[in-house]
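Asks: Coordinates in upload_39.pdb, PDB, C-alpha atoms, are listed below.
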```pdb
ATOM      1  CA  MET K   1      -9.888 -14.604  10.049
ATOM      2  CA  THR K   2      -9.185 -11.120   8.681
ATOM      3  CA  VAL K   3      -8.056 -10.420   5.142
ATOM      4  CA  LEU K   4      -4.644  -9.330   6.402
ATOM      5  CA  GLU K   5      -4.260 -12.558   8.336
ATOM      6  CA  ARG K   6      -5.109 -14.522   5.201
ATOM      7  CA  PHE K   7      -2.535 -12.452   3.331
ATOM      8  CA  ARG K   8       0.110 -13.124   5.966
ATOM      9  CA  ARG K   9      -0.659 -16.834   5.812
ATOM     10  CA  GLY K  10       0.049 -16.762   2.095
ATOM     11  CA  GLU K  11      -3.518 -17.312   0.935
ATOM     12  CA  ILE K  12      -4.202 -16.139  -2.606
ATOM     13  CA  ARG K  13      -7.681 -15.011  -1.611
ATOM     14  CA  GLY K  14      -6.146 -12.653   0.955
ATOM     15  CA  LEU K  15      -3.678 -11.381  -1.639
ATOM     16  CA  SER K  16      -6.452 -10.767  -4.137
ATOM     17  CA  ARG K  17      -8.482  -8.727  -1.648
ATOM     18  CA  ILE K  18      -5.462  -6.660  -0.613
ATOM     19  CA  VAL K  19      -4.539  -5.960  -4.252
ATOM     20  CA  SER K  20      -8.093  -4.741  -4.937
ATOM     21  CA  PHE K  21      -8.058  -2.661  -1.767
ATOM     22  CA  VAL K  22      -4.840  -0.942  -2.819
ATOM     23  CA  GLU K  23      -5.754  -0.647  -6.490
ATOM     24  CA  ASN K  24      -9.075   1.002  -5.644
ATOM     25  CA  ARG K  25      -7.392   3.290  -3.117
ATOM     26  CA  GLU K  26      -9.915   2.439  -0.457
ATOM     27  CA  ALA K  27      -9.849   4.290   2.854
ATOM     28  CA  GLY K  28      -6.761   3.266   4.808
ATOM     29  CA  PHE K  29      -4.825   1.881   1.849
ATOM     30  CA  GLN K  30      -1.837   4.104   2.591
ATOM     31  CA  GLU K  31      -1.543   2.811   6.153
ATOM     32  CA  LEU K  32      -1.723  -0.737   4.866
ATOM     33  CA  LEU K  33       0.895  -0.072   2.182
ATOM     34  CA  GLY K  34       3.103   1.605   4.749
ATOM     35  CA  HIS K  35       3.004  -1.596   6.767
ATOM     36  CA  LEU K  36       3.665  -3.761   3.700
ATOM     37  CA  TYR K  37       6.671  -1.644   2.713
ATOM     38  CA  THR K  38       8.501  -2.936   5.768
ATOM     39  CA  LYS K  39       8.089  -6.484   4.464
ATOM     40  CA  ALA K  40       9.028  -5.654   0.855
ATOM     41  CA  GLY K  41      12.270  -4.969  -0.998
ATOM     42  CA  HIS K  42      13.231  -8.469  -2.069
ATOM     43  CA  SER K  43      11.322  -9.064  -5.290
ATOM     44  CA  LEU K  44      12.960  -8.687  -8.693
ATOM     45  CA  ARG K  45      10.811  -6.377 -10.841
ATOM     46  CA  ILE K  46      10.990  -6.928 -14.561
ATOM     47  CA  GLY K  47       9.143  -4.613 -16.940
ATOM     48  CA  VAL K  48       8.102  -5.925 -20.346
ATOM     49  CA  THR K  49       6.967  -3.291 -22.779
ATOM     50  CA  GLY K  50       6.441  -2.858 -26.509
ATOM     51  CA  PRO K  51       3.843  -2.010 -29.109
ATOM     52  CA  PRO K  52       0.439  -3.716 -29.224
ATOM     53  CA  GLY K  53       0.508  -7.133 -30.863
ATOM     54  CA  ALA K  54       4.198  -7.737 -30.198
ATOM     55  CA  GLY K  55       3.444 -10.853 -28.183
ATOM     56  CA  LYS K  56       4.294  -9.427 -24.768
ATOM     57  CA  SER K  57       1.675 -11.489 -22.946
ATOM     58  CA  THR K  58       2.961 -14.734 -24.436
ATOM     59  CA  LEU K  59       6.530 -13.767 -23.576
ATOM     60  CA  VAL K  60       5.580 -12.833 -20.020
ATOM     61  CA  ASP K  61       3.849 -16.185 -19.650
ATOM     62  CA  GLY K  62       6.950 -17.880 -21.029
ATOM     63  CA  LEU K  63       9.251 -16.031 -18.631
ATOM     64  CA  ALA K  64       6.919 -16.788 -15.738
ATOM     65  CA  ALA K  65       7.005 -20.491 -16.638
ATOM     66  CA  HIS K  66      10.810 -20.470 -16.522
ATOM     67  CA  PHE K  67      10.872 -18.732 -13.147
ATOM     68  CA  LEU K  68       8.292 -21.172 -11.801
ATOM     69  CA  LYS K  69      10.336 -24.100 -13.078
ATOM     70  CA  ASP K  70      13.285 -22.706 -11.130
ATOM     71  CA  GLY K  71      11.202 -22.633  -7.970
ATOM     72  CA  LYS K  72      10.462 -18.910  -7.913
ATOM     73  CA  ARG K  73       7.033 -17.526  -7.075
ATOM     74  CA  VAL K  74       5.833 -14.978  -9.594
ATOM     75  CA  GLY K  75       3.396 -12.083  -9.510
ATOM     76  CA  ILE K  76       2.269 -10.568 -12.807
ATOM     77  CA  VAL K  77       0.722  -7.140 -13.396
ATOM     78  CA  ALA K  78      -0.544  -6.400 -16.880
ATOM     79  CA  VAL K  79      -1.300  -2.742 -17.491
ATOM     80  CA  ASP K  80      -3.747  -2.150 -20.284
ATOM     81  CA  PRO K  81      -4.510   1.523 -20.714
ATOM     82  CA  THR K  82      -6.835   0.863 -23.626
ATOM     83  CA  SER K  83     -10.419   1.960 -24.012
ATOM     84  CA  PRO K  84     -12.695   0.846 -21.201
ATOM     85  CA  PHE K  85     -15.226  -0.095 -23.868
ATOM     86  CA  THR K  86     -13.165  -2.976 -25.263
ATOM     87  CA  GLY K  87     -12.822  -4.845 -21.980
ATOM     88  CA  GLY K  88      -9.667  -6.348 -23.463
ATOM     89  CA  ALA K  89      -7.693  -6.545 -20.252
ATOM     90  CA  LEU K  90     -10.441  -8.267 -18.343
ATOM     91  CA  LEU K  91     -10.980 -10.849 -21.051
ATOM     92  CA  GLY K  92      -7.246 -11.452 -21.183
ATOM     93  CA  ASP K  93      -7.304 -12.153 -17.450
ATOM     94  CA  ARG K  94      -9.660 -15.045 -17.796
ATOM     95  CA  VAL K  95      -7.852 -16.624 -20.714
ATOM     96  CA  ARG K  96      -4.464 -16.411 -19.048
ATOM     97  CA  MET K  97      -5.515 -17.477 -15.577
ATOM     98  CA  ASN K  98      -6.802 -20.736 -17.026
ATOM     99  CA  GLN K  99      -3.285 -21.628 -18.145
ATOM    100  CA  MET K 100      -1.547 -20.977 -14.837
ATOM    101  CA  PRO K 101      -1.034 -23.331 -11.920
ATOM    102  CA  ALA K 102      -3.541 -22.842  -9.119
ATOM    103  CA  ASP K 103      -1.098 -23.658  -6.318
ATOM    104  CA  GLY K 104      -0.410 -20.062  -5.290
ATOM    105  CA  SER K 105       3.003 -19.936  -6.950
ATOM    106  CA  VAL K 106       1.786 -17.412  -9.497
ATOM    107  CA  TYR K 107      -0.777 -14.643  -9.428
ATOM    108  CA  PHE K 108      -2.004 -12.441 -12.232
ATOM    109  CA  ARG K 109      -3.785  -9.099 -12.123
ATOM    110  CA  SER K 110      -4.581  -6.776 -14.990
ATOM    111  CA  MET K 111      -5.056  -3.078 -14.482
ATOM    112  CA  ALA K 112      -6.838  -0.805 -16.885
ATOM    113  CA  THR K 113      -7.503   2.892 -16.605
ATOM    114  CA  ARG K 114     -11.250   2.256 -16.699
ATOM    115  CA  GLY K 115     -11.821   5.967 -17.021
ATOM    116  CA  ALA K 116      -9.650   6.861 -14.056
ATOM    117  CA  THR K 117      -7.548   9.982 -14.450
ATOM    118  CA  GLY K 118      -3.866   9.522 -13.811
ATOM    119  CA  GLY K 119      -2.179   7.600 -11.050
ATOM    120  CA  LEU K 120      -1.819   4.396 -13.049
ATOM    121  CA  ALA K 121       1.941   4.290 -12.627
ATOM    122  CA  GLY K 122       1.591   4.805  -8.884
ATOM    123  CA  ALA K 123      -1.106   2.137  -8.647
ATOM    124  CA  THR K 124       1.088  -0.351 -10.511
ATOM    125  CA  ASP K 125       3.968   0.383  -8.173
ATOM    126  CA  ASN K 126       1.688  -0.137  -5.182
ATOM    127  CA  VAL K 127       0.505  -3.517  -6.458
ATOM    128  CA  ALA K 128       4.144  -4.512  -7.010
ATOM    129  CA  VAL K 129       4.840  -3.669  -3.359
ATOM    130  CA  VAL K 130       1.914  -5.885  -2.302
ATOM    131  CA  TYR K 131       3.312  -8.763  -4.390
ATOM    132  CA  ASP K 132       6.741  -8.204  -2.887
ATOM    133  CA  ALA K 133       5.412  -8.253   0.669
ATOM    134  CA  PHE K 134       3.393 -11.378  -0.134
ATOM    135  CA  GLY K 135       6.632 -13.147  -0.936
ATOM    136  CA  PHE K 136       6.776 -13.288  -4.708
ATOM    137  CA  GLU K 137      10.436 -13.407  -5.653
ATOM    138  CA  VAL K 138       9.695 -12.074  -9.123
ATOM    139  CA  THR K 139       7.231  -9.434 -10.332
ATOM    140  CA  LEU K 140       6.610  -9.157 -14.049
ATOM    141  CA  ILE K 141       5.030  -5.886 -15.172
ATOM    142  CA  GLU K 142       3.645  -5.921 -18.692
ATOM    143  CA  THR K 143       2.589  -2.714 -20.383
ATOM    144  CA  VAL K 144       1.860  -1.364 -23.827
ATOM    145  CA  GLY K 145       4.791   0.930 -24.497
ATOM    146  CA  VAL K 146       3.064   3.743 -26.276
ATOM    147  CA  GLY K 147       3.003   6.666 -23.877
ATOM    148  CA  GLN K 148       4.490   8.515 -20.939
ATOM    149  CA  VAL K 149       2.429   6.619 -18.366
ATOM    150  CA  GLU K 150       3.857   3.342 -19.617
ATOM    151  CA  LEU K 151       7.380   4.742 -19.588
ATOM    152  CA  ASP K 152       6.813   5.830 -15.993
ATOM    153  CA  ILE K 153       5.670   2.337 -15.124
ATOM    154  CA  VAL K 154       8.681   0.586 -16.556
ATOM    155  CA  ASP K 155      10.884   3.228 -14.974
ATOM    156  CA  SER K 156       9.902   1.732 -11.644
ATOM    157  CA  CYS K 157      11.323  -1.687 -12.582
ATOM    158  CA  ASP K 158      14.707  -3.213 -11.855
ATOM    159  CA  SER K 159      15.112  -4.190 -15.481
ATOM    160  CA  VAL K 160      13.224  -3.552 -18.694
ATOM    161  CA  VAL K 161      12.681  -5.805 -21.691
ATOM    162  CA  VAL K 162      11.535  -3.950 -24.818
ATOM    163  CA  VAL K 163       9.692  -6.281 -27.183
ATOM    164  CA  LEU K 164       9.549  -5.495 -30.898
ATOM    165  CA  VAL K 165       8.443  -7.404 -33.964
ATOM    166  CA  PRO K 166       9.850  -7.334 -37.508
ATOM    167  CA  GLU K 167       7.093  -4.904 -38.485
ATOM    168  CA  SER K 168       8.246  -2.434 -35.809
ATOM    169  CA  GLY K 169      10.920  -0.938 -38.059
ATOM    170  CA  ASP K 170       9.221   2.425 -38.470
ATOM    171  CA  ALA K 171       8.257   2.459 -34.820
ATOM    172  CA  VAL K 172      11.880   1.985 -33.891
ATOM    173  CA  GLN K 173      12.813   5.071 -35.877
ATOM    174  CA  THR K 174      10.178   7.211 -34.217
ATOM    175  CA  MET K 175      10.513   5.835 -30.722
ATOM    176  CA  LYS K 176      14.223   5.122 -30.637
ATOM    177  CA  ALA K 177      15.110   7.863 -28.197
ATOM    178  CA  GLY K 178      12.632   6.620 -25.613
ATOM    179  CA  LEU K 179      13.323   2.961 -26.309
ATOM    180  CA  MET K 180      17.059   3.355 -25.988
ATOM    181  CA  GLU K 181      16.660   5.109 -22.677
ATOM    182  CA  ILE K 182      14.523   2.462 -21.045
ATOM    183  CA  ALA K 183      15.730  -0.807 -22.621
ATOM    184  CA  ASP K 184      18.078  -3.110 -20.760
ATOM    185  CA  ILE K 185      17.252  -5.953 -23.121
ATOM    186  CA  PHE K 186      15.720  -5.962 -26.594
ATOM    187  CA  CYS K 187      13.599  -8.870 -27.753
ATOM    188  CA  ILE K 188      12.618  -9.307 -31.386
ATOM    189  CA  ASN K 189       9.559 -11.528 -31.141
ATOM    190  CA  LYS K 190       7.821 -13.296 -34.042
ATOM    191  CA  SER K 191      11.295 -13.553 -35.506
ATOM    192  CA  ASP K 192      10.182 -16.126 -38.075
ATOM    193  CA  ARG K 193       8.607 -13.254 -40.018
ATOM    194  CA  PRO K 194      10.357 -11.380 -42.832
ATOM    195  CA  GLY K 195      12.357  -8.391 -41.670
ATOM    196  CA  ALA K 196      13.478  -9.861 -38.348
ATOM    197  CA  GLU K 197      17.144  -9.802 -39.272
ATOM    198  CA  ARG K 198      16.911  -6.272 -40.577
ATOM    199  CA  ILE K 199      15.331  -4.835 -37.424
ATOM    200  CA  ALA K 200      17.905  -6.673 -35.331
ATOM    201  CA  ALA K 201      20.670  -5.165 -37.454
ATOM    202  CA  ASP K 202      19.131  -1.679 -37.218
ATOM    203  CA  LEU K 203      18.903  -1.977 -33.458
ATOM    204  CA  LYS K 204      22.462  -3.224 -33.218
ATOM    205  CA  GLN K 205      23.651  -0.280 -35.262
ATOM    206  CA  MET K 206      21.774   2.160 -33.028
ATOM    207  CA  LEU K 207      23.196   0.548 -29.931
ATOM    208  CA  ASP K 208      26.721   0.616 -31.346
ATOM    209  CA  THR K 209      26.554   4.309 -32.177
ATOM    210  CA  ARG K 210      25.127   5.615 -28.945
ATOM    211  CA  LYS K 211      26.809   6.166 -25.656
ATOM    212  CA  ALA K 212      25.930   3.322 -23.327
ATOM    213  CA  LYS K 213      24.048   4.219 -20.163
ATOM    214  CA  ASP K 214      25.946   1.460 -18.459
ATOM    215  CA  ASP K 215      29.476   0.833 -19.706
ATOM    216  CA  ASP K 216      29.601  -2.684 -18.309
ATOM    217  CA  TRP K 217      26.402  -3.926 -19.936
ATOM    218  CA  ARG K 218      25.980  -4.457 -23.661
ATOM    219  CA  ILE K 219      22.259  -4.448 -24.321
ATOM    220  CA  PRO K 220      21.485  -7.836 -25.851
ATOM    221  CA  ILE K 221      19.081  -8.363 -28.746
ATOM    222  CA  VAL K 222      17.318 -11.705 -28.391
ATOM    223  CA  SER K 223      15.185 -13.102 -31.206
ATOM    224  CA  THR K 224      12.251 -15.236 -30.073
ATOM    225  CA  GLU K 225       9.101 -16.926 -31.258
ATOM    226  CA  ALA K 226       7.119 -16.834 -28.046
ATOM    227  CA  ILE K 227       4.140 -18.674 -29.471
ATOM    228  CA  THR K 228       6.289 -21.794 -29.940
ATOM    229  CA  SER K 229       8.555 -20.959 -26.974
ATOM    230  CA  LYS K 230      11.527 -20.834 -29.335
ATOM    231  CA  ASN K 231      14.466 -19.026 -27.725
ATOM    232  CA  VAL K 232      12.414 -17.872 -24.724
ATOM    233  CA  ASP K 233      14.990 -19.741 -22.657
ATOM    234  CA  ARG K 234      17.651 -17.482 -24.159
ATOM    235  CA  LEU K 235      15.647 -14.433 -23.179
ATOM    236  CA  TYR K 236      15.270 -15.837 -19.688
ATOM    237  CA  GLY K 237      18.950 -16.553 -19.232
ATOM    238  CA  ARG K 238      21.231 -19.426 -18.555
ATOM    239  CA  ARG K 239      20.248 -21.817 -15.868
ATOM    240  CA  ALA K 240      23.882 -22.097 -14.784
ATOM    241  CA  ARG K 241      23.910 -18.400 -13.956
ATOM    242  CA  LEU K 242      20.842 -18.761 -11.777
ATOM    243  CA  CYS K 243      22.343 -21.592  -9.791
ATOM    244  CA  GLY K 244      25.750 -19.992  -9.681
ATOM    245  CA  SER K 245      24.992 -16.588  -8.318
ATOM    246  CA  LEU K 246      21.422 -15.408  -8.155
ATOM    247  CA  SER K 247      20.110 -18.179  -5.980
ATOM    248  CA  THR K 248      22.561 -17.251  -3.249
ATOM    249  CA  ASN K 249      21.644 -13.583  -3.225
ATOM    250  CA  ARG K 250      19.180 -12.623  -0.542
ATOM    251  CA  THR K 251      17.534  -9.894  -2.609
ATOM    252  CA  PHE K 252      16.455 -12.377  -5.274
TER     253      PHE K 252
ATOM    254  CA  MET V   1      23.812 -15.455 -24.469
ATOM    255  CA  GLY V   2      21.397 -15.067 -21.618
ATOM    256  CA  ALA V   3      19.434 -11.923 -20.970
ATOM    257  CA  VAL V   4      17.036 -11.483 -18.056
ATOM    258  CA  LEU V   5      19.008 -13.463 -15.500
ATOM    259  CA  ASP V   6      22.330 -12.259 -16.836
ATOM    260  CA  TYR V   7      21.169  -8.693 -16.400
ATOM    261  CA  ALA V   8      19.919  -9.391 -12.884
ATOM    262  CA  ASP V   9      23.300 -10.914 -12.147
ATOM    263  CA  HIS V  10      25.032  -7.856 -13.596
ATOM    264  CA  CYS V  11      22.893  -5.445 -11.559
ATOM    265  CA  GLN V  12      23.557  -7.283  -8.344
ATOM    266  CA  ARG V  13      27.273  -7.445  -9.034
ATOM    267  CA  THR V  14      27.576  -3.752  -9.853
ATOM    268  CA  GLY V  15      25.141  -2.455  -7.235
ATOM    269  CA  LEU V  16      22.797  -1.124  -9.919
ATOM    270  CA  PHE V  17      19.782  -2.736  -8.260
ATOM    271  CA  GLU V  18      20.389  -0.766  -5.094
ATOM    272  CA  THR V  19      20.879   2.453  -7.054
ATOM    273  CA  ARG V  20      17.653   1.910  -8.991
ATOM    274  CA  ARG V  21      15.697   1.016  -5.871
ATOM    275  CA  GLN V  22      16.952   4.111  -4.077
ATOM    276  CA  GLU V  23      15.948   6.250  -7.067
ATOM    277  CA  ARG V  24      12.556   4.569  -7.088
ATOM    278  CA  LEU V  25      11.982   5.303  -3.420
ATOM    279  CA  LYS V  26      13.044   8.898  -3.915
ATOM    280  CA  LYS V  27      10.519   9.289  -6.738
ATOM    281  CA  LYS V  28       7.845   7.587  -4.645
ATOM    282  CA  ILE V  29       8.327   9.957  -1.722
ATOM    283  CA  LEU V  30       8.334  12.992  -4.002
ATOM    284  CA  SER V  31       5.200  11.732  -5.731
ATOM    285  CA  ILE V  32       3.392  11.361  -2.394
ATOM    286  CA  VAL V  33       4.518  14.820  -1.276
ATOM    287  CA  ARG V  34       3.407  16.286  -4.621
ATOM    288  CA  SER V  35      -0.020  14.667  -4.355
ATOM    289  CA  SER V  36      -0.517  15.834  -0.779
ATOM    290  CA  PHE V  37       0.566  19.347  -1.581
ATOM    291  CA  GLN V  38      -1.543  19.523  -4.722
ATOM    292  CA  ARG V  39      -4.620  18.271  -2.883
ATOM    293  CA  GLU V  40      -4.161  20.776  -0.047
ATOM    294  CA  PHE V  41      -3.525  23.675  -2.395
ATOM    295  CA  MET V  42      -6.534  22.879  -4.581
ATOM    296  CA  GLU V  43      -8.805  22.588  -1.542
ATOM    297  CA  HIS V  44      -7.544  25.956  -0.392
ATOM    298  CA  LEU V  45      -8.128  27.408  -3.831
ATOM    299  CA  GLU V  46     -11.686  26.147  -4.136
ATOM    300  CA  ASN V  47     -12.691  27.980  -0.953
ATOM    301  CA  TRP V  48     -10.931  31.176  -1.804
ATOM    302  CA  GLU V  49     -13.035  34.175  -2.835
ATOM    303  CA  GLU V  50     -10.123  35.977  -4.499
ATOM    304  CA  PHE V  51      -9.950  33.230  -7.055
ATOM    305  CA  ASP V  52     -13.110  34.517  -8.739
ATOM    306  CA  GLN V  53     -11.751  38.065  -8.570
ATOM    307  CA  PHE V  54      -8.635  36.987 -10.431
ATOM    308  CA  ILE V  55     -10.763  35.416 -13.138
ATOM    309  CA  GLU V  56     -12.663  38.662 -13.528
ATOM    310  CA  ARG V  57      -9.394  40.657 -13.670
ATOM    311  CA  ILE V  58      -8.043  38.340 -16.366
ATOM    312  CA  ARG V  59     -11.277  38.778 -18.317
ATOM    313  CA  THR V  60     -10.972  42.579 -18.168
ATOM    314  CA  GLY V  61      -7.312  42.494 -19.190
ATOM    315  CA  GLU V  62      -5.883  43.721 -15.852
ATOM    316  CA  THR V  63      -3.790  40.576 -15.441
ATOM    317  CA  ASN V  64      -3.115  37.213 -17.091
ATOM    318  CA  PRO V  65      -3.344  33.568 -15.991
ATOM    319  CA  PHE V  66       0.390  33.294 -15.294
ATOM    320  CA  GLU V  67       0.515  36.365 -13.090
ATOM    321  CA  ALA V  68      -2.705  35.298 -11.372
ATOM    322  CA  ALA V  69      -1.265  31.836 -10.642
ATOM    323  CA  ASP V  70       1.930  33.411  -9.243
ATOM    324  CA  ASN V  71      -0.133  35.690  -7.018
ATOM    325  CA  LEU V  72      -2.378  32.889  -5.822
ATOM    326  CA  PHE V  73       0.592  30.724  -4.952
ATOM    327  CA  ALA V  74       2.417  33.588  -3.237
ATOM    328  CA  ALA V  75      -0.664  34.353  -1.149
ATOM    329  CA  TYR V  76      -1.002  30.676  -0.214
ATOM    330  CA  SER V  77       2.625  30.180   0.735
ATOM    331  CA  GLY V  78       2.869  33.531   2.506
ATOM    332  CA  ARG V  79       5.625  34.834   0.239
TER     333      ARG V  79
END
```
Write out the structure in this file as structure tokens.
Replies:
Amino acid sequence: MTVLERFRRGEIRGLSRIVSFVENREAGFQELLGHLYTKAGHSLRIGVTGPPGAGKSTLVDGLAAHFLKDGKRVGIVAVDPTSPFTGGALLGDRVRMNQMPADGSVYFRSMATRGATGGLAGATDNVAVVYDAFGFEVTLIETVGVGQVELDIVDSCDSVVVVLVPESGDAVQTMKAGLMEIADIFCINKSDRPGAERIAADLKQMLDTRKAKDDDWRIPIVSTEAITSKNVDRLYGRRARLCGSLSTNRTF
Amino acid sequence: MGAVLDYADHCQRTGLFETRRQERLKKKILSIVRSSFQREFMEHLENWEEFDQFIERIRTGETNPFEAADNLFAAYSGR
């Protein structure tokens, strides 16, 4: 059986090989992607970004668990453009994969620059297309929000969650222009720490004083403690909404 | 207050998903075109003898990198 046949049959091993093939831009990857594009277009892409140490991985895992509980299949891409010498992304892979069900309902892949020059945003988008064609209803893209490449990545999502922590106050001041442009939802994680209320208030003030990019959507600020799962359900959304409208929509 | 699902609901209701996906496809196509063009142009440049002549002319003060780039591109595109 060929790799593509395994992929079409929904085998994770086939998916894994195709993701590597596309990520490494092996000969013929464009033809393959071109074919997969015709099968894609149904997955909800959610970008999760924020400074290092904000707890994005834990939040992504928490969101994935909620989607899985609601019967959705989830693909996760974690983009770690850190030094290739730390090996952080690869180590993170192993730790996280151990905590996920092995029934094919969820798949995780981390992508690091590993010395490659450019193209990371494009590669992430390509992997998201592979997930979509595989049949994942939800794709979570996690990235460290510290540079243009990461902004480009989240720009290719349907919605963007910006994760901050109480200590991010100064970062908010320096990054607010970029953050305000990309955020559809703000999450203050580790909200049990001092300063959580203040950063939430600062954000609220910024949001109140700027012109909304979407008049019908007030960007929510959700306080969470991902490590204990506190309020992650609020970040996820109300179950009633899922049953009431989203489950009947063919695009999600 | 919900967030992720509420926003997905909002985007589907208002058609924002479609708008964003169309924008995304537009950027994707332009990115592919840009890459193809860049690759072709650079290959052309690497095999072009005049390129070295321009470098020499910049070194001697006859021209500058901006003018040289304009000339190289004009010669490539036939303008």
Asks: Up to 9 Å from chain K, what residues of chain V turn up? Count only C-alpha atoms and give them as an NGL selection string.
Replies: :V and (1-12 or 14 or 16-17 or 20-21 or 23-24 or 28 or 31)
Asks: Distance atom CA of K:Ala78-atom CA of K:Ser43, one decimal place?
Replies: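 Atom-to-atom, atom CA of K:Ala78 and atom CA of K:Ser43 are spaced 16.8 Å apart.
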Asks: Would you work out the distance separating atom CA of V:Leu25 from atom CA of K:Ile153, expressed in Å to one decimal?
Replies: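 Computing the Euclidean distance for atom CA of V:Leu25 and atom CA of K:Ile153 yields 13.6 Å.
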Asks: Could you list the residues chosen by the PyMOL selection byres ((chain V and resi 76-78) around 9) in this structure as a PyMOL selection string?
Replies: chain V and resi 41+44-45+71-75+79
Asks: Can you list, as a list in words, every protein, DNA or RNA residue that comes within 7 Å of K:Val77 when you count only C-alpha atoms, leaving out same-chain residues fewer than 3 positions away?
Replies: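 Listed by chain and then number, they are Phe108, Arg109, Ser110, Leu140, Ile141 and Glu142 of chain K.
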Asks: Which residue out of V:Ala68, V:Ser35, V:Gly15, V:Gln22 has the minimum interatomic distance to V:Gln53 when all atoms listed in the file are used?
Replies: V:Ala68
Asks: List the residues selected by the PyMOL selection byres ((chain K and resi 163) around 8) in the file shown, writing them as a list in words.
Replies: Val48, Thr49, Gly50, Pro51, Ala54, Gly55, Lys56, Val161, Val162, Leu164, Val165, Phe186, Cys187, Ile188 and Asn189 of chain K
Asks: Rounded to one decimal in Å, what is the spacing between atom CA of K:Phe136 and atom CA of K:Lys72?
Replies: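 If I compute the distance from atom CA of K:Phe136 to atom CA of K:Lys72, I get 7.4 Å.
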Asks: Hey, what comes out of the PyMOL selection byres ((chain K and resi 40) around 7) on this file? Could you write it as an mmCIF file with C-alpha atoms, keeping the file's coordinate frame?
Replies:
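What ended up in out38.cif:
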```cif
data_model
loop_
_atom_site.group_PDB
_atom_site.id
_atom_site.type_symbol
_atom_site.label_atom_id
_atom_site.label_comp_id
_atom_site.auth_asym_id
_atom_site.auth_seq_id
_atom_site.Cartn_x
_atom_site.Cartn_y
_atom_site.Cartn_z
ATOM 1 C CA LEU K 36 3.665 -3.761 3.700
ATOM 2 C CA TYR K 37 6.671 -1.644 2.713
ATOM 3 C CA THR K 38 8.501 -2.936 5.768
ATOM 4 C CA LYS K 39 8.089 -6.484 4.464
ATOM 5 C CA GLY K 41 12.270 -4.969 -0.998
ATOM 6 C CA HIS K 42 13.231 -8.469 -2.069
ATOM 7 C CA VAL K 129 4.840 -3.669 -3.359
ATOM 8 C CA ASP K 132 6.741 -8.204 -2.887
ATOM 9 C CA ALA K 133 5.412 -8.253 0.669
#
```
Asks: Box for stretch 33-37 of chain K: with edges along x, y and z, all listed atoms inside and 6 Å added on each side, what are the centre and edge lengths in Å to one decimal, as AutoDock Vina command-line options?
Replies:
```
--center_x 3.8 --center_y -1.1 --center_z 4.5 --size_x 17.8 --size_y 17.4 --size_z 16.6
```
